[in-house]
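Colleague: My questions all concern the structure below.
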Amino acid sequence: MERMPADQPYRSLSLWLDTVPGTLAPGDPLPGDLAVDVAIAGAGLTGLWTAYYLASAQPGLRIAVCEAEIAGFGASGRNGGWCSALFPASLAKLARAAGRDAAAAMYRAMQATVDEVGRVVAAEGIDCHWAKGGTVHLARSATQLDRARDEIAEAREFGFGEDDVRLLTADEARGFASATAVLGGTYTPHCAAIHPARLVRGLAQVVRQRGVRVFERTPVTGLAPRALRTPHGTVRAEYVIRATEGYTPALPGLHRAIVPVYSLMIATEPLPGPVWEQIGLAGRPTFGDGRHLIIYGQRTADGRLAFGGRGAPYHLGSAVRPGFDRVPAVFAALQRTLAELFPAAADAKVTHQWGGPLGIARDWCASAGLDRVSGLGWAGGYVGDGVSTTNLAGRTLAALILDTDSDLTRLPWVNHRSRQWEAEPLRWLGINAGLQAMSWADQAEARTGRPSRVAQVMGRFLGG
Ligand SMILES: Cc1cc2nc3c(=O)[nH]c(=O)nc-3n(C[C@H](O)[C@H](O)[C@H](O)COP(=O)(O)OP(=O)(O)OC[C@H]3O[C@@H](n4cnc5c(N)ncnc54)[C@H](O)[C@@H]3O)c2cc1C
């Protein structure tokens, strides 16, 4: 991956890194060769949760995390702050692969994970502005309302009740988020809005206090059985864990394991009380709507709207570069969409614009696993749902490494392997065609009021 120049401030990477307390100056790099029990590549939430649960279960364990930049540099320090129970594969898809009970168990584990994150941040004193206000998903057209009904029907089929997710009338939906053109929606209580950089930086501090060594400015150049290589030296370990998500394709032998797809965000200045009276979002539920090209938002603890969406292009060869974080046309589209949703915020100044790569496996199913023979482990492919899923991954990897008997290791995503992405340029063509098709589908649905066929076809091609 391309390194950021040493003098470029990490604060500019997101609203969250800009406003997180404490210094972002990089900690010490790996001083030379080292022997530990567990070596982890990447100090995002995956790497840090894994270290946290390992160190909590076995305080004597020697754990080293090697991070190319600083803890929280990647998606974990830049995301929308939805700590949700969302999982990138649907219940129906999981059921086809692993059976109905396994699918339901996966979704129940995700719900429990939201509360586990809440428990840990409270226990460890990580002030990440936690507000478990749920998620309101607005239906702003008849086709979106149909999709909301289908979602509820699927949830019921798998035994999830009104307490898990429920259909909303237009009035009820507007009671959560008073957006324009609302016809109804869904509400689930299983989501907390958080300040992501406070979570990931706080967690890095907690694991350090527990004796985990986090080496910054230490790019991993190769992962092999019992060895993690860096330009500063080699870390030898019984277990070597890959926690590099959207950056994975830059590692030798892993070009086609995961693709980095960019999600971009904007944030407004803090909005005055009367504007919030018009918008709602009291209790800080996270919000989105039923369009194909995903949008997501939250009311921050300091009264801003932080709002994001997909639509930035995929780059040939799964390239990841700092310059790809910013796409003016996408920022402008996000600002227009936000003003359209909440006209009361139309004149609000946008103070921050940023983006980052998330990771997608070819079959759109996240996974966490460990090859006991080689000692190599991994977790990732969370698409846009990694804030809580990384916690489940961390607990699962810890249980696999420590060989603890746990229901977690029997969940269907454990040791699941996706097939590889296509070689280039097919990959580039397919992903960008998919992104474009989602955008066309939204425009067509808005025009015709009918569900778009192109979205269904592309959805199948992309496997999402
Ligand atoms: C804009 C945006 C919005 C999002 N919104 C949400 C949301 O609201 N809710 C949600 O659940 N998910 C969201 N996501 C996804 C979520 O942020 C990620 O799934 C999650 O943070 C992944 O965590 P991670 O630790 O696996 O990866 P990352 O946080 O990307 O961490 C990987 C780390 O590895 C380091 N690294 C990479 N290569 C190397 C190397 N060779 N050597 C050493 N270190 C390396 C990187 O510098 C980075 O720090 C969003 C993502 C983005 C980009």
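Labeling convention for the structure tokens: chains A, B, ... as they appear, residues from 1 per chain, ligands from 1 in order of appearance.
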What are the DSSP helix (DSSP H, G or I) residues of stretch 256-455 of chain A, as number ranges by chain?

Modeller: A: 273-279, 316-318, 322-325, 328-341, 343-345, 386-402, 407-410, 426-448, 453-455

Colleague: Let me see if you get this right: every residue at most 7 Å from ligand 1, counting only C-alpha atoms and all ligand atoms, written as JSON, numbers by chain.

Modeller: {"A": [1, 41, 42, 43, 44, 45, 46, 47, 66, 67, 68, 69, 70, 71, 72, 73, 74, 75, 76, 77, 78, 79, 80, 81, 82, 83, 84, 218, 219, 220, 221, 243, 244, 245, 246, 247, 248, 250, 251, 262, 263, 264, 265, 308, 355, 356, 357, 358, 359, 379, 380, 382, 383, 384, 385, 386, 387, 388, 389, 390]}

Colleague: Restricting the calculation to only C-alpha atoms: of A:Pro328, A:Gly297, A:Pro189, A:Gly311, which residue gets closest to A:Ala177?

Modeller: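 Of A:Pro328, A:Gly297, A:Pro189, A:Gly311, the one nearest A:Ala177 is A:Gly297, counting only C-alpha atoms.
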
Colleague: Counting only C-alpha atoms, give me one row per residue of stretch 296-353 of chain A with an atom at most 12 Å from an atom of stretch 108-129 of chain A, showing the shortest contact pair and its distance in Å to one decimal, sorted by chain then residue number, as a Markdown table.

Modeller:
```
| residue | atom | partner | partner_atom | distance |
| --- | --- | --- | --- | --- |
| A:Gln298 | CA | A:His129 | CA | 11.9 |
| A:Arg299 | CA | A:His129 | CA | 11.0 |
| A:Thr300 | CA | A:His129 | CA | 8.2 |
| A:Ala301 | CA | A:His129 | CA | 6.3 |
| A:Asp302 | CA | A:His129 | CA | 9.4 |
| A:Gly303 | CA | A:His129 | CA | 11.7 |
```

Colleague: Deliver the residues from the most recent selection as a file, using N, CA, C and O atoms, as a CSV table (one decimal), in the first residue's frame.

Modeller:
```csv
chain,number,residue,atom,x,y,z
A,298,GLN,N,-25.9,9.6,10.8
A,298,GLN,CA,-26.2,9.7,12.2
A,298,GLN,C,-26.2,11.1,12.7
A,298,GLN,O,-25.6,12.0,12.1
A,299,ARG,N,-26.9,11.4,13.8
A,299,ARG,CA,-26.8,12.7,14.5
A,299,ARG,C,-25.7,12.5,15.5
A,299,ARG,O,-25.8,11.6,16.4
A,300,THR,N,-24.6,13.3,15.4
A,300,THR,CA,-23.5,13.0,16.3
A,300,THR,C,-23.8,13.6,17.7
A,300,THR,O,-24.7,14.4,17.9
A,301,ALA,N,-23.0,13.2,18.7
A,301,ALA,CA,-23.2,13.7,20.0
A,301,ALA,C,-23.1,15.2,20.1
A,301,ALA,O,-23.7,15.9,21.0
A,302,ASP,N,-22.2,15.8,19.2
A,302,ASP,CA,-22.1,17.3,19.3
A,302,ASP,C,-23.0,18.0,18.2
A,302,ASP,O,-22.8,19.1,17.9
A,303,GLY,N,-24.1,17.2,17.8
A,303,GLY,CA,-25.2,17.9,17.1
A,303,GLY,C,-24.9,18.1,15.6
A,303,GLY,O,-25.5,19.0,15.0
```

Colleague: Compare A:Gln205, A:Ser90, A:Thr143, A:Thr135 by their minimum atom-to-atom distance to A:Ala192, counting only C-alpha atoms, and give me the closest one.

Modeller: A:Thr135

Colleague: Can you tell me which residues surround A:Ile40 at a distance of at most 12 Å, considering only C-alpha atoms, apart from same-chain residues fewer than 3 positions away, and format the answer as a PyMOL selection string?

Modeller: chain A and resi 36-37+43-52+54+62-68+212-215+218-220+222-224+226-230+235-244+375-379+394+397-398

Colleague: Convert the current residue selection to file output with N, CA and C atoms, as a short mmCIF file (atom, residue, chain, number, x, y, z; two decimals), in the first residue's frame.

Modeller:
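The resulting file, result34.cif, is shown below:
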```
data_model
loop_
_atom_site.label_atom_id
_atom_site.label_comp_id
_atom_site.auth_asym_id
_atom_site.auth_seq_id
_atom_site.Cartn_x
_atom_site.Cartn_y
_atom_site.Cartn_z
N VAL A 36 6.86 -13.75 19.55
CA VAL A 36 5.66 -13.62 20.40
C VAL A 36 4.79 -14.87 20.21
N ASP A 37 3.64 -14.88 20.89
CA ASP A 37 2.71 -15.99 20.69
C ASP A 37 1.76 -15.71 19.52
N ALA A 43 -3.93 -2.57 12.83
CA ALA A 43 -4.51 -2.11 14.10
C ALA A 43 -5.78 -1.32 13.85
N GLY A 44 -6.71 -1.95 13.12
CA GLY A 44 -8.09 -1.47 13.08
C GLY A 44 -8.86 -2.24 14.14
N LEU A 45 -10.19 -2.18 14.05
CA LEU A 45 -10.99 -2.86 15.07
C LEU A 45 -10.79 -4.38 15.06
N THR A 46 -10.58 -4.98 13.87
CA THR A 46 -10.39 -6.43 13.84
C THR A 46 -9.16 -6.83 14.65
N GLY A 47 -8.03 -6.19 14.34
CA GLY A 47 -6.79 -6.53 15.03
C GLY A 47 -6.87 -6.24 16.52
N LEU A 48 -7.46 -5.10 16.85
CA LEU A 48 -7.47 -4.68 18.26
C LEU A 48 -8.46 -5.48 19.10
N TRP A 49 -9.65 -5.79 18.54
CA TRP A 49 -10.58 -6.64 19.30
C TRP A 49 -9.97 -8.02 19.53
N THR A 50 -9.27 -8.54 18.51
CA THR A 50 -8.64 -9.86 18.67
C THR A 50 -7.62 -9.81 19.81
N ALA A 51 -6.79 -8.77 19.78
CA ALA A 51 -5.78 -8.60 20.84
C ALA A 51 -6.46 -8.45 22.20
N TYR A 52 -7.56 -7.68 22.22
CA TYR A 52 -8.26 -7.41 23.48
C TYR A 52 -8.76 -8.71 24.12
N LEU A 54 -7.87 -11.82 23.45
CA LEU A 54 -6.77 -12.73 23.78
C LEU A 54 -6.11 -12.31 25.09
N ARG A 62 1.91 -13.35 24.81
CA ARG A 62 2.69 -12.28 24.17
C ARG A 62 2.04 -11.96 22.81
N ILE A 63 1.57 -10.73 22.67
CA ILE A 63 0.82 -10.34 21.46
C ILE A 63 1.48 -9.10 20.86
N ALA A 64 1.71 -9.13 19.54
CA ALA A 64 2.25 -7.95 18.85
C ALA A 64 1.32 -7.60 17.69
N VAL A 65 1.00 -6.31 17.57
CA VAL A 65 0.20 -5.82 16.44
C VAL A 65 1.08 -4.90 15.61
N CYS A 66 1.20 -5.17 14.31
CA CYS A 66 1.99 -4.30 13.43
C CYS A 66 1.06 -3.52 12.52
N GLU A 67 1.14 -2.21 12.58
CA GLU A 67 0.23 -1.33 11.85
C GLU A 67 1.04 -0.42 10.92
N ALA A 68 0.63 -0.35 9.65
CA ALA A 68 1.37 0.42 8.66
C ALA A 68 1.42 1.92 8.98
N VAL A 212 -0.31 -5.59 25.40
CA VAL A 212 -0.18 -5.86 23.97
C VAL A 212 0.77 -4.81 23.39
N ARG A 213 1.68 -5.25 22.52
CA ARG A 213 2.60 -4.29 21.91
C ARG A 213 2.06 -3.89 20.54
N VAL A 214 1.73 -2.61 20.40
CA VAL A 214 1.19 -2.11 19.13
C VAL A 214 2.29 -1.28 18.47
N PHE A 215 2.83 -1.79 17.37
CA PHE A 215 3.89 -1.08 16.66
C PHE A 215 3.28 -0.31 15.50
N THR A 218 4.64 0.51 10.85
CA THR A 218 5.31 -0.78 10.63
C THR A 218 4.51 -1.58 9.60
N PRO A 219 4.74 -1.32 8.32
CA PRO A 219 3.98 -2.04 7.29
C PRO A 219 4.39 -3.51 7.20
N VAL A 220 3.41 -4.37 7.14
CA VAL A 220 3.68 -5.80 6.96
C VAL A 220 3.86 -6.06 5.47
N GLY A 222 4.74 -9.28 4.29
CA GLY A 222 4.42 -10.67 3.97
C GLY A 222 3.93 -11.42 5.19
N LEU A 223 2.95 -12.30 4.96
CA LEU A 223 2.44 -13.15 6.04
C LEU A 223 2.75 -14.58 5.65
N ALA A 224 3.36 -15.31 6.56
CA ALA A 224 3.70 -16.71 6.28
C ALA A 224 3.46 -17.50 7.56
N ARG A 226 3.87 -18.86 10.86
CA ARG A 226 4.76 -18.53 12.01
C ARG A 226 5.65 -17.30 11.78
N ALA A 227 5.38 -16.51 10.75
CA ALA A 227 6.22 -15.32 10.53
C ALA A 227 5.44 -14.18 9.87
N LEU A 228 5.63 -13.00 10.43
CA LEU A 228 5.04 -11.79 9.86
C LEU A 228 6.22 -10.86 9.53
N ARG A 229 6.38 -10.55 8.24
CA ARG A 229 7.58 -9.81 7.83
C ARG A 229 7.30 -8.33 7.69
N THR A 230 8.25 -7.52 8.13
CA THR A 230 8.16 -6.07 7.96
C THR A 230 9.56 -5.58 7.58
N VAL A 235 8.48 -10.77 12.81
CA VAL A 235 7.87 -11.20 14.07
C VAL A 235 7.54 -12.68 13.92
N ARG A 236 8.18 -13.52 14.75
CA ARG A 236 7.89 -14.96 14.72
C ARG A 236 6.80 -15.24 15.76
N ALA A 237 5.81 -16.05 15.36
CA ALA A 237 4.68 -16.31 16.27
C ALA A 237 4.02 -17.62 15.92
N GLU A 238 3.44 -18.23 16.92
CA GLU A 238 2.67 -19.47 16.70
C GLU A 238 1.47 -19.19 15.78
N TYR A 239 0.86 -18.03 16.01
CA TYR A 239 -0.32 -17.64 15.22
C TYR A 239 -0.08 -16.28 14.58
N VAL A 240 -0.43 -16.20 13.28
CA VAL A 240 -0.26 -14.94 12.53
C VAL A 240 -1.62 -14.57 11.95
N ILE A 241 -2.11 -13.40 12.31
CA ILE A 241 -3.49 -13.03 11.96
C ILE A 241 -3.50 -11.86 10.98
N ARG A 242 -4.27 -12.01 9.92
CA ARG A 242 -4.46 -10.93 8.94
C ARG A 242 -5.71 -10.13 9.30
N ALA A 243 -5.50 -8.84 9.56
CA ALA A 243 -6.62 -7.95 9.93
C ALA A 243 -6.51 -6.66 9.13
N THR A 244 -6.35 -6.81 7.80
CA THR A 244 -6.01 -5.66 6.95
C THR A 244 -7.15 -5.25 6.02
N GLY A 375 -1.23 -22.03 11.33
CA GLY A 375 -1.31 -20.98 12.34
C GLY A 375 -1.75 -19.64 11.76
N LEU A 376 -2.14 -19.64 10.47
CA LEU A 376 -2.59 -18.39 9.84
C LEU A 376 -4.09 -18.19 10.07
N GLY A 377 -4.44 -17.00 10.50
CA GLY A 377 -5.85 -16.67 10.72
C GLY A 377 -6.21 -15.38 10.02
N TRP A 378 -7.50 -15.13 9.92
CA TRP A 378 -7.94 -13.91 9.25
C TRP A 378 -9.35 -13.55 9.72
N ALA A 379 -9.73 -12.31 9.48
CA ALA A 379 -11.15 -11.93 9.57
C ALA A 379 -11.35 -10.72 8.68
N GLY A 394 -13.18 -10.71 16.66
CA GLY A 394 -12.14 -10.73 17.68
C GLY A 394 -12.38 -11.81 18.71
N LEU A 397 -11.85 -15.25 16.88
CA LEU A 397 -10.44 -15.59 16.66
C LEU A 397 -9.76 -15.96 17.98
N ALA A 398 -10.11 -15.24 19.04
CA ALA A 398 -9.51 -15.56 20.34
C ALA A 398 -9.91 -16.98 20.76
#
```

Colleague: Would you kindly return, as a list of chain:residue names, each protein, DNA or RNA residue with an atom no farther than 12 Å from any atom of A:Trp421, considering only C-alpha atoms and excluding same-chain residues fewer than 2 positions away?

Modeller: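 Returned residues: A:Pro249, A:Leu254, A:His255, A:Arg256, A:Ala257, A:Ile258, A:Val259, A:Pro260, A:Gly317, A:Ser318, A:Ile360, A:Ala361, A:Arg362, A:Asp363, A:Trp364, A:Ser418, A:Arg419, A:Ala423, A:Glu424, A:Pro425, A:Leu426, A:Arg427, A:Trp428, A:Gly430, A:Ile431, A:Leu462, A:Gly463.
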
Colleague: Out of A:Leu370, A:Asn391, A:Pro270, A:Glu445, which residue has the shortest atom-to-atom distance to A:His416 when counting only C-alpha atoms?

Modeller: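 For A:His416, the nearest of the candidates is A:Leu370.
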
Colleague: Pick out the residues sitting within 10 Å of A:Ala346, and hand them over as a list of chain:residue names; count only C-alpha atoms, and ignore anything fewer than 6 positions along from it in its own chain.

Modeller: A:Thr268, A:Gln335, A:Arg336, A:Thr337, A:Leu338, A:Ala339, A:Glu340

Colleague: Grab the residues selected above and save them as an mmCIF file, in the first residue's frame with N, CA, C and O atoms.

Modeller:
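Final output, again.cif:
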```
data_model
loop_
_atom_site.group_PDB
_atom_site.id
_atom_site.type_symbol
_atom_site.label_atom_id
_atom_site.label_comp_id
_atom_site.auth_asym_id
_atom_site.auth_seq_id
_atom_site.Cartn_x
_atom_site.Cartn_y
_atom_site.Cartn_z
ATOM 1 N N THR A 268 -21.734 17.986 8.717
ATOM 2 C CA THR A 268 -22.067 19.416 8.824
ATOM 3 C C THR A 268 -21.466 19.987 10.103
ATOM 4 O O THR A 268 -21.035 19.244 10.991
ATOM 5 N N GLN A 335 -24.210 15.895 -0.414
ATOM 6 C CA GLN A 335 -24.754 17.147 0.129
ATOM 7 C C GLN A 335 -26.163 17.400 -0.425
ATOM 8 O O GLN A 335 -27.066 17.800 0.312
ATOM 9 N N ARG A 336 -26.332 17.123 -1.728
ATOM 10 C CA ARG A 336 -27.666 17.303 -2.345
ATOM 11 C C ARG A 336 -28.677 16.356 -1.713
ATOM 12 O O ARG A 336 -29.795 16.750 -1.387
ATOM 13 N N THR A 337 -28.268 15.100 -1.533
ATOM 14 C CA THR A 337 -29.195 14.102 -0.966
ATOM 15 C C THR A 337 -29.590 14.486 0.454
ATOM 16 O O THR A 337 -30.758 14.373 0.842
ATOM 17 N N LEU A 338 -28.609 14.960 1.215
ATOM 18 C CA LEU A 338 -28.894 15.337 2.604
ATOM 19 C C LEU A 338 -29.899 16.501 2.646
ATOM 20 O O LEU A 338 -30.855 16.483 3.436
ATOM 21 N N ALA A 339 -29.699 17.480 1.747
ATOM 22 C CA ALA A 339 -30.600 18.640 1.707
ATOM 23 C C ALA A 339 -32.001 18.215 1.262
ATOM 24 O O ALA A 339 -33.007 18.754 1.727
ATOM 25 N N GLU A 340 -32.034 17.221 0.375
ATOM 26 C CA GLU A 340 -33.327 16.722 -0.115
ATOM 27 C C GLU A 340 -34.064 15.981 1.011
ATOM 28 O O GLU A 340 -35.257 16.132 1.188
#
```

Colleague: When distances are computed from only C-alpha atoms, which of A:Leu24, A:Ser56, A:Asp18, A:Ala102 shows the smallest separation from A:Leu402?

Modeller: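 So, comparing all the options, the nearest one is A:Ser56.
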
Colleague: Hey, which of A:Ser178, A:Ser439, A:Thr23, A:Ser12 ends up closest to A:Val275? Count only C-alpha atoms.

Modeller: A:Ser178

Colleague: Just want the 12 Å neighbourhood of A:Glu151, counted on only C-alpha atoms, with same-chain residues fewer than 4 positions away dropped. Output as JSON, numbers by chain.

Modeller: {"A": [90, 91, 92, 137, 139, 144, 145, 146, 147, 155, 156, 157, 158, 160, 164, 165, 166, 167, 185, 186, 187, 188, 290]}

Colleague: Using DSSP on the backbone coordinates, identify the residues of stretch 246-443 of chain A assigned to strand (DSSP E); present them as number ranges by chain.

Modeller: A: 259-268, 286-289, 295-299, 305-309, 350-360, 367-371, 376-380

Colleague: Please, what distance in Å, to one decimal, runs between atom CA of A:His352 and atom CA of A:Ile266?

Modeller: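 Separation between atom CA of A:His352 and atom CA of A:Ile266: 5.5 Å.
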
Colleague: Determine, counting only C-alpha atoms, which protein, DNA and RNA residues have an atom within 10 Å of an atom of stretch 407-413 of chain A; residues of the same chain fewer than 5 positions away are not included. Present the result as a VMD selection string.

Modeller: chain A and resid 89 94 to 95 97 to 99 101 to 107 109 365 to 369 379 392 to 393 395 to 400

Colleague: Interatomic distance between atom CA of A:Pro29 and atom CA of A:Thr234?

Modeller: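 Between atom CA of A:Pro29 and atom CA of A:Thr234 the gap is 12.3 Å.
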
Colleague: Rounded to one decimal, what separation in Å do you get between atom CA of A:Ser14 and atom CA of A:Trp354?

Modeller: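 Straight-line distance from atom CA of A:Ser14 to atom CA of A:Trp354 works out to 5.5 Å.
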
Colleague: With distances taken over only C-alpha atoms, which of A:Phe331, A:Phe342, A:Tyr53, A:Tyr296 is nearest to A:Arg210?

Modeller: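 Once distances to A:Arg210 are computed over only C-alpha atoms, the minimum belongs to A:Tyr53.
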